[in-house]
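S.K.: Take a look at query.cif, mmCIF, C-alpha atoms and all ligand atoms:
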```cif
data_my_file
loop_
_atom_site.group_PDB
_atom_site.id
_atom_site.type_symbol
_atom_site.label_atom_id
_atom_site.label_comp_id
_atom_site.auth_asym_id
_atom_site.auth_seq_id
_atom_site.Cartn_x
_atom_site.Cartn_y
_atom_site.Cartn_z
ATOM 1 C CA MET A 1 -5.920 -30.730 -5.037
ATOM 2 C CA ILE A 2 -8.206 -27.763 -4.468
ATOM 3 C CA ARG A 3 -6.414 -24.417 -4.417
ATOM 4 C CA LEU A 4 -7.859 -21.114 -3.241
ATOM 5 C CA SER A 5 -7.107 -17.987 -5.211
ATOM 6 C CA THR A 6 -5.242 -15.293 -3.295
ATOM 7 C CA GLY A 7 -7.315 -12.690 -5.145
ATOM 8 C CA ILE A 8 -4.189 -11.575 -7.006
ATOM 9 C CA PRO A 9 -4.128 -13.494 -10.309
ATOM 10 C CA GLU A 10 -0.432 -12.808 -11.004
ATOM 11 C CA PHE A 11 0.430 -14.086 -7.543
ATOM 12 C CA ASP A 12 -1.659 -17.252 -8.020
ATOM 13 C CA LYS A 13 0.522 -18.097 -11.010
ATOM 14 C CA LEU A 14 3.566 -18.244 -8.716
ATOM 15 C CA ILE A 15 2.003 -20.986 -6.586
ATOM 16 C CA GLU A 16 0.425 -23.282 -9.177
ATOM 17 C CA GLY A 17 -2.939 -21.561 -8.997
ATOM 18 C CA GLY A 18 -3.434 -20.758 -5.352
ATOM 19 C CA ILE A 19 -3.155 -21.780 -1.703
ATOM 20 C CA PRO A 20 -3.919 -25.483 -1.146
ATOM 21 C CA GLN A 21 -7.199 -25.811 0.744
ATOM 22 C CA GLY A 22 -6.704 -26.319 4.492
ATOM 23 C CA PHE A 23 -3.228 -24.784 4.580
ATOM 24 C CA PHE A 24 -1.952 -22.621 7.417
ATOM 25 C CA VAL A 25 0.103 -19.906 5.740
ATOM 26 C CA ALA A 26 2.405 -17.483 7.554
ATOM 27 C CA VAL A 27 2.364 -14.009 6.018
ATOM 28 C CA THR A 28 5.345 -12.229 7.493
ATOM 29 C CA GLY A 29 7.063 -8.905 7.099
ATOM 30 C CA GLU A 30 7.954 -5.595 8.648
ATOM 31 C CA PRO A 31 5.258 -2.982 9.328
ATOM 32 C CA GLY A 32 3.859 -1.336 6.216
ATOM 33 C CA THR A 33 5.026 -4.024 3.822
ATOM 34 C CA GLY A 34 1.517 -5.065 2.716
ATOM 35 C CA LYS A 35 0.526 -7.992 4.948
ATOM 36 C CA THR A 36 -2.886 -6.622 5.841
ATOM 37 C CA ILE A 37 -3.691 -5.596 2.279
ATOM 38 C CA PHE A 38 -2.536 -9.016 1.020
ATOM 39 C CA SER A 39 -4.928 -10.561 3.564
ATOM 40 C CA LEU A 40 -7.770 -8.297 2.430
ATOM 41 C CA HIS A 41 -7.290 -9.578 -1.131
ATOM 42 C CA PHE A 42 -7.725 -13.129 0.196
ATOM 43 C CA ILE A 43 -10.953 -12.207 1.991
ATOM 44 C CA ALA A 44 -12.364 -10.151 -0.907
ATOM 45 C CA GLU A 45 -11.742 -13.089 -3.242
ATOM 46 C CA GLY A 46 -13.396 -15.437 -0.744
ATOM 47 C CA LEU A 47 -16.502 -13.254 -0.629
ATOM 48 C CA ARG A 48 -16.559 -13.122 -4.429
ATOM 49 C CA GLU A 49 -16.443 -16.926 -4.551
ATOM 50 C CA GLY A 50 -19.094 -17.377 -1.854
ATOM 51 C CA ASP A 51 -16.773 -18.631 0.914
ATOM 52 C CA ASN A 52 -17.420 -17.938 4.573
ATOM 53 C CA CYS A 53 -14.784 -15.490 5.777
ATOM 54 C CA ILE A 54 -13.500 -14.600 9.212
ATOM 55 C CA TYR A 55 -10.972 -11.846 9.865
ATOM 56 C CA VAL A 56 -9.422 -11.406 13.284
ATOM 57 C CA THR A 57 -7.837 -7.990 13.664
ATOM 58 C CA THR A 58 -5.542 -7.252 16.595
ATOM 59 C CA GLU A 59 -3.741 -4.136 15.370
ATOM 60 C CA GLU A 60 -6.503 -2.141 13.713
ATOM 61 C CA SER A 61 -10.170 -1.728 14.553
ATOM 62 C CA ARG A 62 -12.904 -3.370 12.502
ATOM 63 C CA ASP A 63 -13.792 0.071 11.097
ATOM 64 C CA SER A 64 -10.245 0.621 9.954
ATOM 65 C CA ILE A 65 -10.226 -2.731 8.127
ATOM 66 C CA VAL A 66 -13.557 -1.973 6.436
ATOM 67 C CA ARG A 67 -12.342 1.477 5.394
ATOM 68 C CA GLN A 68 -9.061 0.132 4.039
ATOM 69 C CA ALA A 69 -10.956 -2.491 2.007
ATOM 70 C CA LYS A 70 -13.252 0.167 0.589
ATOM 71 C CA GLN A 71 -10.227 1.986 -0.849
ATOM 72 C CA PHE A 72 -9.697 -1.037 -3.068
ATOM 73 C CA ASN A 73 -13.400 -1.160 -4.014
ATOM 74 C CA TRP A 74 -14.302 -4.068 -1.753
ATOM 75 C CA ASP A 75 -17.549 -3.467 0.083
ATOM 76 C CA PHE A 76 -17.236 -5.601 3.214
ATOM 77 C CA GLU A 77 -20.276 -4.082 4.918
ATOM 78 C CA GLU A 78 -22.586 -5.739 2.437
ATOM 79 C CA TYR A 79 -21.413 -9.201 3.600
ATOM 80 C CA MET A 80 -21.178 -8.531 7.324
ATOM 81 C CA GLU A 81 -22.578 -11.343 9.492
ATOM 82 C CA LYS A 82 -23.837 -13.133 6.365
ATOM 83 C CA LYS A 83 -20.573 -14.265 4.784
ATOM 84 C CA LEU A 84 -18.069 -12.227 6.758
ATOM 85 C CA ILE A 85 -17.339 -11.700 10.427
ATOM 86 C CA ILE A 86 -14.574 -9.363 11.521
ATOM 87 C CA ILE A 87 -13.492 -10.165 15.040
ATOM 88 C CA ASP A 88 -12.134 -7.025 16.636
ATOM 89 C CA ALA A 89 -9.427 -7.823 19.154
ATOM 90 C CA LEU A 90 -8.221 -4.237 19.442
ATOM 91 C CA MET A 91 -11.148 -2.170 20.671
ATOM 92 C CA LYS A 92 -12.192 -4.669 23.362
ATOM 93 C CA GLU A 93 -15.783 -3.476 23.461
ATOM 94 C CA LYS A 94 -17.828 -5.579 25.822
ATOM 95 C CA GLU A 95 -21.172 -4.876 24.112
ATOM 96 C CA ASP A 96 -19.863 -5.910 20.740
ATOM 97 C CA GLU A 97 -20.675 -9.562 19.991
ATOM 98 C CA TRP A 98 -17.636 -9.946 17.753
ATOM 99 C CA SER A 99 -15.025 -8.323 19.941
ATOM 100 C CA LEU A 100 -12.436 -10.078 22.039
ATOM 101 C CA THR A 101 -12.277 -8.653 25.529
ATOM 102 C CA GLU A 102 -9.082 -10.529 26.210
ATOM 103 C CA LEU A 103 -6.406 -11.391 23.731
ATOM 104 C CA ASN A 104 -5.266 -14.962 24.175
ATOM 105 C CA ALA A 105 -5.241 -18.039 21.976
ATOM 106 C CA GLU A 106 -8.157 -19.851 23.663
ATOM 107 C CA GLU A 107 -10.461 -16.803 23.564
ATOM 108 C CA LEU A 108 -9.546 -16.263 19.954
ATOM 109 C CA VAL A 109 -10.214 -19.863 18.955
ATOM 110 C CA ASN A 110 -13.553 -19.900 20.786
ATOM 111 C CA LYS A 111 -14.676 -16.717 19.068
ATOM 112 C CA VAL A 112 -13.563 -17.968 15.668
ATOM 113 C CA ILE A 113 -15.513 -21.208 16.126
ATOM 114 C CA GLU A 114 -18.570 -19.235 17.256
ATOM 115 C CA ALA A 115 -18.268 -17.112 14.121
ATOM 116 C CA LYS A 116 -17.881 -20.193 11.941
ATOM 117 C CA GLN A 117 -21.047 -21.675 13.418
ATOM 118 C CA LYS A 118 -22.905 -18.437 12.804
ATOM 119 C CA LEU A 119 -21.837 -18.341 9.144
ATOM 120 C CA GLY A 120 -22.755 -21.974 8.573
ATOM 121 C CA THR A 121 -21.289 -24.789 6.513
ATOM 122 C CA GLY A 122 -19.240 -24.398 3.368
ATOM 123 C CA ARG A 123 -15.704 -23.517 2.442
ATOM 124 C CA ALA A 124 -14.092 -21.119 4.887
ATOM 125 C CA ARG A 125 -11.229 -18.644 4.932
ATOM 126 C CA LEU A 126 -9.651 -17.272 8.086
ATOM 127 C CA VAL A 127 -7.170 -14.451 8.589
ATOM 128 C CA ILE A 128 -5.475 -13.829 11.925
ATOM 129 C CA ASP A 129 -3.849 -10.393 11.644
ATOM 130 C CA SER A 130 -1.599 -10.705 13.568
ATOM 131 C CA VAL A 131 -0.704 -13.867 15.463
ATOM 132 C CA SER A 132 2.348 -12.138 16.930
ATOM 133 C CA ALA A 133 -0.033 -10.119 19.112
ATOM 134 C CA LEU A 134 -0.792 -13.379 20.948
ATOM 135 C CA PHE A 135 2.764 -13.800 22.137
ATOM 136 C CA LEU A 136 4.107 -10.267 22.322
ATOM 137 C CA ASP A 137 4.564 -10.590 26.076
ATOM 138 C CA LYS A 138 5.788 -14.193 25.927
ATOM 139 C CA PRO A 139 7.959 -14.750 22.858
ATOM 140 C CA ALA A 140 9.126 -18.131 24.128
ATOM 141 C CA MET A 141 5.547 -19.363 23.689
ATOM 142 C CA ALA A 142 5.361 -18.403 20.028
ATOM 143 C CA ARG A 143 5.853 -21.870 18.643
ATOM 144 C CA LYS A 144 3.534 -23.540 21.105
ATOM 145 C CA ILE A 145 0.711 -21.058 20.527
ATOM 146 C CA SER A 146 1.122 -21.275 16.760
ATOM 147 C CA TYR A 147 0.991 -25.062 16.926
ATOM 148 C CA TYR A 148 -2.119 -24.928 19.096
ATOM 149 C CA LEU A 149 -3.870 -22.604 16.622
ATOM 150 C CA LYS A 150 -2.989 -24.783 13.674
ATOM 151 C CA ARG A 151 -4.080 -27.984 15.379
ATOM 152 C CA VAL A 152 -7.468 -26.746 16.611
ATOM 153 C CA LEU A 153 -8.400 -24.620 13.642
ATOM 154 C CA ASN A 154 -7.465 -27.369 11.201
ATOM 155 C CA LYS A 155 -10.401 -29.426 12.454
ATOM 156 C CA TRP A 156 -12.736 -26.649 11.359
ATOM 157 C CA LYS A 157 -11.586 -26.853 7.745
ATOM 158 C CA PHE A 158 -10.275 -23.340 7.379
ATOM 159 C CA THR A 159 -7.661 -22.152 4.947
ATOM 160 C CA ILE A 160 -5.676 -19.739 7.075
ATOM 161 C CA TYR A 161 -3.432 -16.707 6.740
ATOM 162 C CA ALA A 162 -1.569 -15.857 9.939
ATOM 163 C CA THR A 163 0.327 -12.587 9.683
ATOM 164 C CA SER A 164 3.351 -11.933 11.833
ATOM 165 C CA GLN A 165 5.629 -9.000 12.453
ATOM 166 C CA TYR A 166 9.097 -9.218 11.126
ATOM 167 C CA ALA A 167 11.160 -6.282 12.285
ATOM 168 C CA ILE A 168 14.897 -6.349 12.712
ATOM 169 C CA THR A 169 14.666 -6.332 16.477
ATOM 170 C CA THR A 170 11.880 -8.890 16.723
ATOM 171 C CA SER A 171 12.693 -11.232 13.852
ATOM 172 C CA GLN A 172 14.490 -13.716 16.017
ATOM 173 C CA ALA A 173 11.884 -13.788 18.730
ATOM 174 C CA PHE A 174 8.621 -13.613 16.824
ATOM 175 C CA GLY A 175 9.198 -14.442 13.203
ATOM 176 C CA PHE A 176 9.867 -18.077 13.661
ATOM 177 C CA GLY A 177 7.154 -19.310 16.014
ATOM 178 C CA VAL A 178 4.534 -19.340 13.354
ATOM 179 C CA GLU A 179 6.900 -20.215 10.519
ATOM 180 C CA HIS A 180 7.863 -23.526 12.072
ATOM 181 C CA VAL A 181 4.321 -24.844 11.970
ATOM 182 C CA ALA A 182 3.242 -23.148 8.736
ATOM 183 C CA ASP A 183 2.496 -25.061 5.531
ATOM 184 C CA GLY A 184 3.528 -21.988 3.611
ATOM 185 C CA ILE A 185 5.561 -18.844 4.232
ATOM 186 C CA ILE A 186 5.013 -15.668 2.244
ATOM 187 C CA ARG A 187 7.577 -13.077 3.218
ATOM 188 C CA PHE A 188 7.171 -9.363 2.583
ATOM 189 C CA ARG A 189 10.102 -6.972 2.780
ATOM 190 C CA ARG A 190 10.902 -3.337 2.353
ATOM 191 C CA ALA A 191 13.990 -1.397 1.415
ATOM 192 C CA ILE A 192 14.971 2.166 0.694
ATOM 193 C CA LYS A 193 16.546 2.500 -2.726
ATOM 194 C CA ASP A 194 17.441 5.770 -4.383
ATOM 195 C CA GLY A 195 15.688 7.578 -1.577
ATOM 196 C CA MET A 196 12.440 5.731 -2.102
ATOM 197 C CA LEU A 197 10.462 3.006 -0.375
ATOM 198 C CA HIS A 198 10.361 -0.279 -2.277
ATOM 199 C CA ARG A 199 8.404 -3.366 -1.316
ATOM 200 C CA TYR A 200 9.053 -6.991 -2.160
ATOM 201 C CA VAL A 201 7.524 -10.404 -1.732
ATOM 202 C CA LEU A 202 9.096 -13.873 -1.762
ATOM 203 C CA ILE A 203 7.438 -17.273 -1.415
ATOM 204 C CA GLU A 204 9.780 -18.990 1.003
ATOM 205 C CA LYS A 205 7.753 -22.134 1.405
ATOM 206 C CA MET A 206 4.578 -23.710 0.015
ATOM 207 C CA ARG A 207 4.176 -27.394 0.712
ATOM 208 C CA GLN A 208 3.050 -29.621 -2.173
ATOM 209 C CA THR A 209 3.762 -26.815 -4.617
ATOM 210 C CA ASN A 210 6.496 -26.155 -7.150
ATOM 211 C CA HIS A 211 6.442 -22.480 -6.263
ATOM 212 C CA ASP A 212 8.310 -19.542 -7.759
ATOM 213 C CA LYS A 213 11.620 -18.765 -6.047
ATOM 214 C CA TYR A 214 12.249 -15.183 -7.093
ATOM 215 C CA VAL A 215 11.952 -11.988 -5.128
ATOM 216 C CA TRP A 216 9.245 -9.860 -6.739
ATOM 217 C CA GLU A 217 8.968 -6.140 -6.390
ATOM 218 C CA ILE A 218 5.413 -5.119 -5.595
ATOM 219 C CA ASP A 219 3.431 -1.921 -5.374
ATOM 220 C CA ILE A 220 0.197 -1.005 -3.601
ATOM 221 C CA LYS A 221 -1.998 0.944 -5.984
ATOM 222 C CA PRO A 222 -5.039 3.048 -5.070
ATOM 223 C CA GLY A 223 -8.270 1.317 -6.056
ATOM 224 C CA LYS A 224 -6.404 -1.840 -6.968
ATOM 225 C CA GLY A 225 -4.268 -3.126 -4.114
ATOM 226 C CA ILE A 226 -1.136 -5.236 -4.537
ATOM 227 C CA VAL A 227 0.390 -5.518 -7.994
ATOM 228 C CA LEU A 228 3.539 -7.397 -9.010
ATOM 229 C CA LEU A 229 6.005 -5.119 -10.748
ATOM 230 C CA GLY A 230 8.613 -7.695 -11.718
ATOM 231 C CA LYS A 231 11.297 -10.112 -10.564
ATOM 232 C CA ILE A 232 14.418 -8.879 -8.899
ATOM 233 C CA ASN A 233 17.445 -10.407 -10.522
ATOM 234 C CA GLU A 234 20.007 -8.230 -8.835
ATOM 235 C CA ARG A 235 22.314 -8.945 -5.959
ATOM 236 C CA ARG A 236 20.890 -10.344 -2.769
ATOM 237 C CA GLU A 237 22.059 -7.211 -0.932
ATOM 238 C CA ASP A 238 19.375 -5.246 -2.704
ATOM 239 C CA TYR A 239 16.638 -6.732 -0.600
ATOM 240 C CA ALA A 240 18.334 -8.548 2.315
ATOM 241 C CA LEU A 241 19.031 -6.836 5.582
ATOM 242 C CA PRO A 242 22.272 -4.836 5.575
ATOM 243 C CA PRO A 243 25.308 -7.073 6.355
ATOM 244 C CA LYS A 244 26.024 -5.096 9.522
ATOM 245 C CA VAL A 245 22.558 -5.831 10.877
ATOM 246 C CA MET A 246 22.839 -9.523 9.965
ATOM 247 C CA GLN A 247 26.165 -9.665 11.840
ATOM 248 C CA LYS A 248 24.550 -8.065 14.919
ATOM 249 C CA ILE A 249 21.721 -10.617 14.916
ATOM 250 C CA LYS A 250 24.240 -13.427 14.555
ATOM 251 C CA GLU A 251 26.287 -12.112 17.467
ATOM 252 C CA ALA A 252 23.192 -11.740 19.630
ATOM 253 C CA ASN A 253 22.290 -15.365 18.943
ATOM 254 C CA GLU A 254 25.762 -16.596 19.779
ATOM 255 C CA ASP A 255 25.556 -14.715 23.064
ATOM 256 C CA LYS A 256 22.341 -16.521 23.877
ATOM 257 C CA ILE A 257 23.833 -19.959 23.194
ATOM 258 C CA THR A 258 26.993 -19.529 25.259
HETATM 259 N N1 LIG B 301 -5.447 3.478 -0.810
HETATM 260 C C1 LIG B 301 -4.152 3.212 -0.889
HETATM 261 N N2 LIG B 301 -3.474 3.449 -2.015
HETATM 262 C C2 LIG B 301 -2.153 3.171 -2.100
HETATM 263 N N3 LIG B 301 -1.429 2.660 -1.116
HETATM 264 C C3 LIG B 301 -2.053 2.404 0.031
HETATM 265 C C4 LIG B 301 -3.445 2.663 0.206
HETATM 266 N N4 LIG B 301 -3.789 2.295 1.452
HETATM 267 C C5 LIG B 301 -2.658 1.850 2.037
HETATM 268 N N5 LIG B 301 -1.613 1.908 1.191
HETATM 269 C C6 LIG B 301 -0.208 1.511 1.471
HETATM 270 O O1 LIG B 301 -0.229 0.336 2.223
HETATM 271 C C7 LIG B 301 0.560 0.481 3.403
HETATM 272 C C8 LIG B 301 -0.028 -0.340 4.519
HETATM 273 O O2 LIG B 301 -0.008 -1.680 4.145
HETATM 274 P P1 LIG B 301 -0.464 -2.804 5.178
HETATM 275 O O3 LIG B 301 -0.921 -3.996 4.388
HETATM 276 O O4 LIG B 301 -1.429 -2.244 6.149
HETATM 277 O O5 LIG B 301 0.922 -3.127 5.908
HETATM 278 P P2 LIG B 301 1.240 -4.176 7.071
HETATM 279 O O6 LIG B 301 -0.026 -4.896 7.378
HETATM 280 O O7 LIG B 301 2.310 -5.061 6.511
HETATM 281 O O8 LIG B 301 1.749 -3.372 8.211
HETATM 282 C C9 LIG B 301 0.543 1.946 3.695
HETATM 283 O O9 LIG B 301 1.685 2.337 4.422
HETATM 284 C C10 LIG B 301 0.516 2.549 2.310
HETATM 285 O O10 LIG B 301 1.831 2.656 1.794
HETATM 286 MG MG MG B 302 -1.121 -4.922 9.197
#
```
In C-alpha cells, how does this file's structure come out?
Ligand SMILES: Nc1ncnc2c1ncn2[C@@H]1O[C@H](COP(=O)(O)OP(=O)(O)O)[C@@H](O)[C@H]1O
Ligand SMILES: [Mg+2]
M.R.:
Amino acid sequence: MIRLSTGIPEFDKLIEGGIPQGFFVAVTGEPGTGKTIFSLHFIAEGLREGDNCIYVTTEESRDSIVRQAKQFNWDFEEYMEKKLIIIDALMKEKEDEWSLTELNAEELVNKVIEAKQKLGTGRARLVIDSVSALFLDKPAMARKISYYLKRVLNKWKFTIYATSQYAITTSQAFGFGVEHVADGIIRFRRAIKDGMLHRYVLIEKMRQTNHDKYVWEIDIKPGKGIVLLGKINERREDYALPPKVMQKIKEANEDKIT
C-alpha cells in the first residue's frame, strides 16, 4: 500500500507511515485547533515530493493561506500554477481564474477538475478547507454532499483532506456529514487548563491501518508548525467536552427524536 506523508514525521508514525493513497480524510475540530496548519503541512510535503497540489479555501483568502505558510518557511508562491493551485472560494473575484464565484459542491468539483487538468498527470493531493462551508445553510445535506464529493473526486485519484468545523453548537449538525463517508477521521480539540489554551489531536479512524489510539497534546510553533508534545494518559475529562455540555447535547437530540 502506498502511504502519503502528512509532512509531520512524528504524526506519520501514528498511522503506519502516512495516509493511504486515495483516502478521503476528515480533519475536524473547533476553530483555532490547527486544522488549516495541519493541511498546510500536507500540501508543503506534497510540493516537496513533487505531487500536484490543490487547496480550496473557503474561510481565508488565498493571500492569507500563502502568508500563513510562509510563517512556517514554506514558499507556496514558487509553485503556484506549476504544482500548486489555491482555489479561493472566499473572495469571489470574477477576474480571478482560480476563484469560485459561487460556493456549491458542483462548482467546487468543476474547478478542482479544471485545476487538476492544468497541473497535469501524476500523484495529487487535495485539501478542501472547509467542507462545512458547503452545507452551512443546509445541514441536512451534509452527508449527501460529502458523499458526492468523495464519489466524484475519487475518480480523479486524489488523496483528500476535508476539514470541518466542530464547535459545541454545530457538532451534531455538521461534524458528522463528512465523518460518515470518510476513510479516516483526525480530530483536533482544545481545552483551557490552568488558565492556558491547550490543543490535542486524536486519530479516531483510519481504515486499513493499525493506528495509534491515544490523545496527543500538540503545539503550533513559529517557523515549524505542528509538533507533538506527548500522549495524554489522564482522565478523559481532561480533553472531552464538560459533562454538562454533553448532557445538553444529549437532551437536544432526544428532543429531536420524540
Ligand atoms: N506563526 C505562528 N506561530 C505560532 N502559532 C501560530 C502561528 N500562526 C498561527 N498560529 C496558531 O495557529 C492558530 C490557527 O490555527 P489554524 O490551523 O488556522 O486553526 P483552524 O484551521 O483549526 O481554525 C492560531 O490561533 C495560532 O494559535
Ligand atoms: Mg482553518
S.K.: For ligand MG 302 (chain B), which residue among A:Leu153, A:Leu40, A:Ile186, A:Ile87 is the nearest when counting all atoms listed in the file?
M.R.: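 Selected residue with least distance to ligand MG 302 (chain B): A:Leu40.
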S.K.: Taking (3.8, -23.7, -7.6) as a centre in this file's frame and 6 Å as the limit, can you find every polymer residue with an atom that close, using all atoms listed in the file, and give them as a list in words?
M.R.: Leu14, Ile15, Glu16, Thr209, Asn210 and His211 of chain A
S.K.: To test your reading of the syntax: which residues would the PyMOL selection byres (((not hetatm)) within 9 of (chain B and resi 302)) return for the file shown? Reply as a ChimeraX atom specification.
M.R.: /A:31-37,39,57-60,129-130,163-165
S.K.: Counting only C-alpha atoms, what is within 12 Å of Thr6 in chain A, bar same-chain residues fewer than 3 positions away, as a ChimeraX atom specification?
M.R.: /A:3,9-21,25,37-49,125,159-161,186,226
S.K.: What does the distance from CA of Ala69 in chain A to CA of Ser132 in chain A come to in Å, to one decimal?
M.R.: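 These atoms are spaced 22.2 Å apart.
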S.K.: Work out how far CA of Arg190 in chain A is from CA of Lys248 in chain A, in Å to one decimal.
M.R.: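 According to the coordinates, CA of Lys248 in chain A and CA of Arg190 in chain A are separated by 19.1 Å.
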S.K.: Please give the centre and size of the box around ligand LIG 301 (chain B) (axis-aligned, containing every atom listed in the file, 6 Å added per side), with values in Å to one decimal and written as AutoDock Vina command-line options.
M.R.:
```
--center_x -1.6 --center_y -0.8 --center_z 3.1 --size_x 19.8 --size_y 20.5 --size_z 22.3
```
S.K.: In Å, with one decimal, what is the gap from CA of Tyr79 in chain A to CA of Gly120 in chain A?
M.R.: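 Answer for the CA of Tyr79 in chain A to CA of Gly120 in chain A separation: 13.8 Å.
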S.K.: Every residue with an atom at most 8 Å from (4.0, -21.4, 12.3) (file coordinates; all atoms listed in the file) is what I'm after, so could you write them as a list of chain:residue names?
M.R.: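 Here is the list of nearby residues: A:Phe24, A:Val25, A:Ala26, A:Arg143, A:Ser146, A:Tyr147, A:Lys150, A:Phe176, A:Gly177, A:Val178, A:Glu179, A:His180, A:Val181, A:Ala182, A:Asp183.
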S.K.: Given the PyMOL selection byres (((chain A and resi 63) around 12) and not hetatm) and the file above, list the residues it selects as a list of chain:residue names.
M.R.: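 Applied to this file, the PyMOL selection byres (((chain A and resi 63) around 12) and not hetatm) selects A:Thr57, A:Glu59, A:Glu60, A:Ser61, A:Arg62, A:Ser64, A:Ile65, A:Val66, A:Arg67, A:Gln68, A:Ala69, A:Lys70, A:Phe76, A:Glu77, A:Met80, A:Ile86, A:Ile87, A:Asp88, A:Leu90, A:Met91.
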S.K.: When you count only C-alpha atoms and all ligand atoms, which of these residues is closest to ligand LIG 301 (chain B): A:Ser5, A:Thr121, A:Asn73, A:Asn154?
M.R.: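 Smallest distance to ligand LIG 301 (chain B) is found for A:Asn73.
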S.K.: With distances taken over only C-alpha atoms and all ligand atoms, which residue among A:Ile232, A:Val27, A:Val215, A:Ala124 lies nearest ligand LIG 301 (chain B)?
M.R.: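 The answer is A:Val27, which sits nearest to ligand LIG 301 (chain B).
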S.K.: Choose the residue, out of A:Glu106, A:Glu81, A:Asp137, A:Asp96, that has the smallest atom-to-atom separation from Val152 in chain A; count only C-alpha atoms.
M.R.: A:Glu106
S.K.: Counting all atoms listed in the file, figure out which residue out of A:Ile218, A:Ile192, A:Val245, A:Ala89 gets nearest to Gly230 in chain A.
M.R.: A:Ile218
S.K.: Which residue, A:Ile8, A:Ala140, A:Gly29, A:Asn52, has the smallest gap to Phe188 in chain A when you use all atoms listed in the file?
M.R.: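 Result for the nearest residue to Phe188 in chain A: A:Gly29.
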S.K.: Tell me, as a VMD selection string, which residues lie within 8 Å of Thr101 in chain A, counting only C-alpha atoms; anything in the same chain fewer than 4 positions away does not count.
M.R.: chain A and resid 89 92 to 94
S.K.: Please provide as a list in words all residues within 8 Å of Ile85 in chain A, with the sequence filter that same-chain residues fewer than 3 positions apart are discarded (counting all atoms listed in the file).
M.R.: Cys53, Ile54, Tyr55, Met80, Glu81, Lys82, Trp98 and Ala115 of chain A
